[in-house]
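> What follows is a structure written as structure tokens; I'll ask about it next.
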Amino acid sequence: MATIKDVARKAGVSTSTVSKFINGGNLRQENAETIRQAIQELDFRVNPFARGLKTQRSRSIGVLLPSMTAPYYGSVVMSLEKTLREYGYHCLISCYSAQHGLERDNLQFLISNGIDGLVYVPEDLSVEEFEELTAIRSIPVVQVDRMIQGVESDTVLVDNSEAVSNAVSRLIEKGHRRIALISGPKSVFSAKERQVGYLRALAAYGINYDDSLVVSDENTFATGYKGFGELMHQPDPPTAVVTTNYDITIGLVTAARERGLQIPRDLDIFGFDCVEICTMMHPPLPVIHQPEQQIGELAAQYLIQRLEGYTGEPRVTRLKCRIVAQEPQNI
């Protein structure tokens with residue numbers, strides 16, 4: 001089994017330099033790359049338990065999110081994990097399936113198991129609940145995709161309101177006036193912001209809001225599928241529909257196909273986060289796409305900076321989405 005001395009010898013650096021690399025210290029790029037290659041070639045493995053006794057760190061990062069079934073979360077976590085591994089950290093991933101009790105339990109479990117930091121996609125916890133559960137240990141936290149307003153932490157979001165507003169605006173400019181929205185629950189931060197974007201676009205073009213054109217329920221296939229049926233059974237159904245979630249989009253497209261509708265001839269649809277599927281359709285459906293890789297990388301960078309001693313004010317960063325159809329365009 002290779003040792004840290006073997007890695008140092010192969011990389012042509014000192015053991016202290018290798019140790020600094022393993023512990024997430026800043027090195028010259030050429031040294032970091034040489035050490036990384038040596039570690040891979042020698043299949044070097046760090047003993048986290050032995051190191052934890054010396055550093056008081058487990059080198060583990062908790063990742064708490066609703067689900068791993070949606071490709072969006074999978075892509076974010078892959079990017080996050082890749083960046084963290086470069087600094088010698090590993091991820092402990094826990095999903096709470098949009099259940100309040102499970103969200104509480106899993107957060108408590110991660111905190112009590114000695115994680116050094118937390119990347120958290122919140123859904124249903126209050127500020128008081130979060131502070132109560134995290135009071136036992138002070139660790140850096142980065143909120144991703146959503147935020148608990150009032151929790152002071154670094155946060156990486158997308159500009160949800162602007163993305164949906166611009167998508168609805170495009171449909172209005174095509175001549176649509178009855179544009180429906182199928183969205184996640186209003187209690188979820190990101191869904192609420194996306195609904196605000198929908199309202200902004202209607203107001204900007206002087207179109208009256210019609211409550212019958214908005215479906216709000218869980219972020220599931222069933223919401224898209226059943227919601228579409230409810231909308232199309234109306235005496236004056238919508239001519240276009242915007243969705244705000246991957247599973248909702250797939251449910252809607254499935255329901256539309258089963259009805260034999262030709263998209264976009266019979267109905268215009270704007271999807272969300274399902275680029276691979278919607279761009280393979282003929283003609284391709286426009287999709288609001290979030291910068292998944294950038295979200296994961298930035299969340300990891302913010303967390304590493306906190307672990308290395310950064311004590312500045314909490315940062316809230318909003319990244320731009322883009323519309324993907326035949327050709328990507330910034331929105």
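We label chains A, B, ... in the order they appear in the structure tokens, count residues from 1 in each chain, and number ligands from 1 in the order shown.
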Quick one: residues within 10 Å of Phe21 of chain A, only C-alpha atoms counted, chain neighbours fewer than 3 positions away excluded, as a list in words?
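With the cut-off at 10 Å, the set is Thr15, Ser16, Thr17, Val18, Gly24, Gly25, Asn26, Leu27, Asn31, Ala32, Glu33, Ile35, Arg36, Glu86, Tyr87 and Gly88 of chain A.
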> Skipping near chain neighbours, those fewer than 5 positions away, what residues fall within 6 Å of segment 180-195 of chain A using only C-alpha atoms, listed as number ranges by chain?
A: 123, 146, 160-161, 164, 213-219, 238, 241-244
> Just the residues within 9 Å of Ala222 of chain A, please, counting only C-alpha atoms, with nothing from its chain fewer than 6 positions along; format it as a list in words.
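Skipping anything fewer than 6 positions along the chain leaves Asp247, Ile248, Gly251 and Leu252 of chain A.
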> Just how far from atom CA of Lys320 of chain A is atom CA of Gly197 of chain A, in Å to one decimal?
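Computing it gives 13.7 Å between the two atoms.
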> Which neighbours of Gln149 of chain A fall inside 12 Å, counting only C-alpha atoms, when residues of the same chain fewer than 6 positions from it are skipped, and could you give them as a count of residues only?
14
> Excluding Val275 of chain A and any residue of its chain fewer than 5 positions from it, enumerate the residues within 10 Å of it, using only C-alpha atoms, and give them as a list in words.
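That gives Pro71, Tyr246, Met280, Pro284, Leu285, Pro286, Val287, Ile288, His289, Gln290, Ile323, Val324 and Ala325 of chain A.
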> Can you pull out the residues contacting Gly206 of chain A? Cut-off 12 Å, using only C-alpha atoms, and skip same-chain residues under 5 positions away; I want them as JSON, numbers by chain.
{"A": [169, 172, 177, 199, 200, 201]}
> List every residue of segment 18-260 of chain A that DSSP, applied to the backbone of this structure, assigns to strand (DSSP E), and report them as a PyMOL selection string.
chain A and resi 60-65+90-95+117-120+141-144+154-158+179-183+214-216+240-243
> Can you spit out the residues from that selection as a short mmCIF file (atom, residue, chain, number, x, y, z; two decimals), in the first residue's frame, using C-alpha atoms?

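And here is the file that came out, part_26.cif:
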```cif
data_model
loop_
_atom_site.label_atom_id
_atom_site.label_comp_id
_atom_site.auth_asym_id
_atom_site.auth_seq_id
_atom_site.Cartn_x
_atom_site.Cartn_y
_atom_site.Cartn_z
CA SER A 60 -16.64 14.38 4.93
CA ILE A 61 -19.27 16.78 3.63
CA GLY A 62 -22.97 16.17 4.19
CA VAL A 63 -25.25 16.67 1.20
CA LEU A 64 -28.96 16.86 2.01
CA LEU A 65 -31.45 17.14 -0.85
CA HIS A 90 -15.91 12.98 0.37
CA CYS A 91 -19.69 13.35 0.31
CA LEU A 92 -22.29 11.72 2.51
CA ILE A 93 -25.51 12.03 0.52
CA SER A 94 -28.96 11.87 2.09
CA CYS A 95 -32.38 12.34 0.47
CA GLY A 117 -19.62 21.04 6.28
CA LEU A 118 -23.09 20.83 4.78
CA VAL A 119 -24.52 21.43 1.31
CA TYR A 120 -28.26 21.69 1.76
CA VAL A 141 -23.34 25.51 5.40
CA VAL A 142 -24.05 26.28 1.75
CA GLN A 143 -27.69 26.36 0.69
CA VAL A 144 -28.28 25.34 -2.93
CA ASP A 154 -23.58 31.15 1.65
CA THR A 155 -26.24 30.36 -0.95
CA VAL A 156 -26.15 29.40 -4.64
CA LEU A 157 -29.38 29.95 -6.56
CA VAL A 158 -30.50 30.60 -10.11
CA ILE A 179 -50.76 30.73 -20.91
CA ALA A 180 -50.95 28.17 -18.11
CA LEU A 181 -48.39 27.43 -15.42
CA ILE A 182 -47.91 24.03 -13.76
CA SER A 183 -45.70 24.55 -10.75
CA VAL A 214 -52.32 27.93 -12.56
CA VAL A 215 -51.80 24.45 -11.11
CA SER A 216 -49.62 24.20 -8.01
CA ALA A 240 -49.52 27.32 -24.11
CA VAL A 241 -48.17 25.81 -20.88
CA VAL A 242 -45.02 26.54 -18.88
CA THR A 243 -43.71 24.06 -16.32
#
```
> Assign secondary structure with DSSP using the backbone only, and return the residues of segment 85-236 of chain A in helix (DSSP H, G or I) as a ChimeraX atom specification.
/A:85-86,100-112,127-134,160-173,189-204,211-213,221-232
> May I ask which of the residues A:Cys321, A:Leu84, A:Ala167, A:Ala135 is the closest one to Ile269 of chain A, counting only C-alpha atoms?
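Of all the options, A:Ala167 lies closest to Ile269 of chain A.
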> Determine the nearest neighbour of Glu81 of chain A from the options A:Gly271, A:Gly296, A:Gly309, A:Gly224, counting only C-alpha atoms.
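Of the candidates, the smallest distance to Glu81 of chain A is held by A:Gly296.
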> Nearest to Asp273 of chain A among A:His233, A:Arg178, A:Arg315, A:Arg322, with distances taken over only C-alpha atoms: which residue is it?
A:Arg322
> When distances are computed from only C-alpha atoms, which of A:Thr239, A:Gln234, A:Thr254, A:Thr134 shows the smallest separation from Leu267 of chain A?
A:Thr239
> If I take atom CA of Ala203 of chain A and atom CA of Asp145 of chain A, how far is one from the other in Å, to one decimal?
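Interatomic distance here is 25.9 Å.
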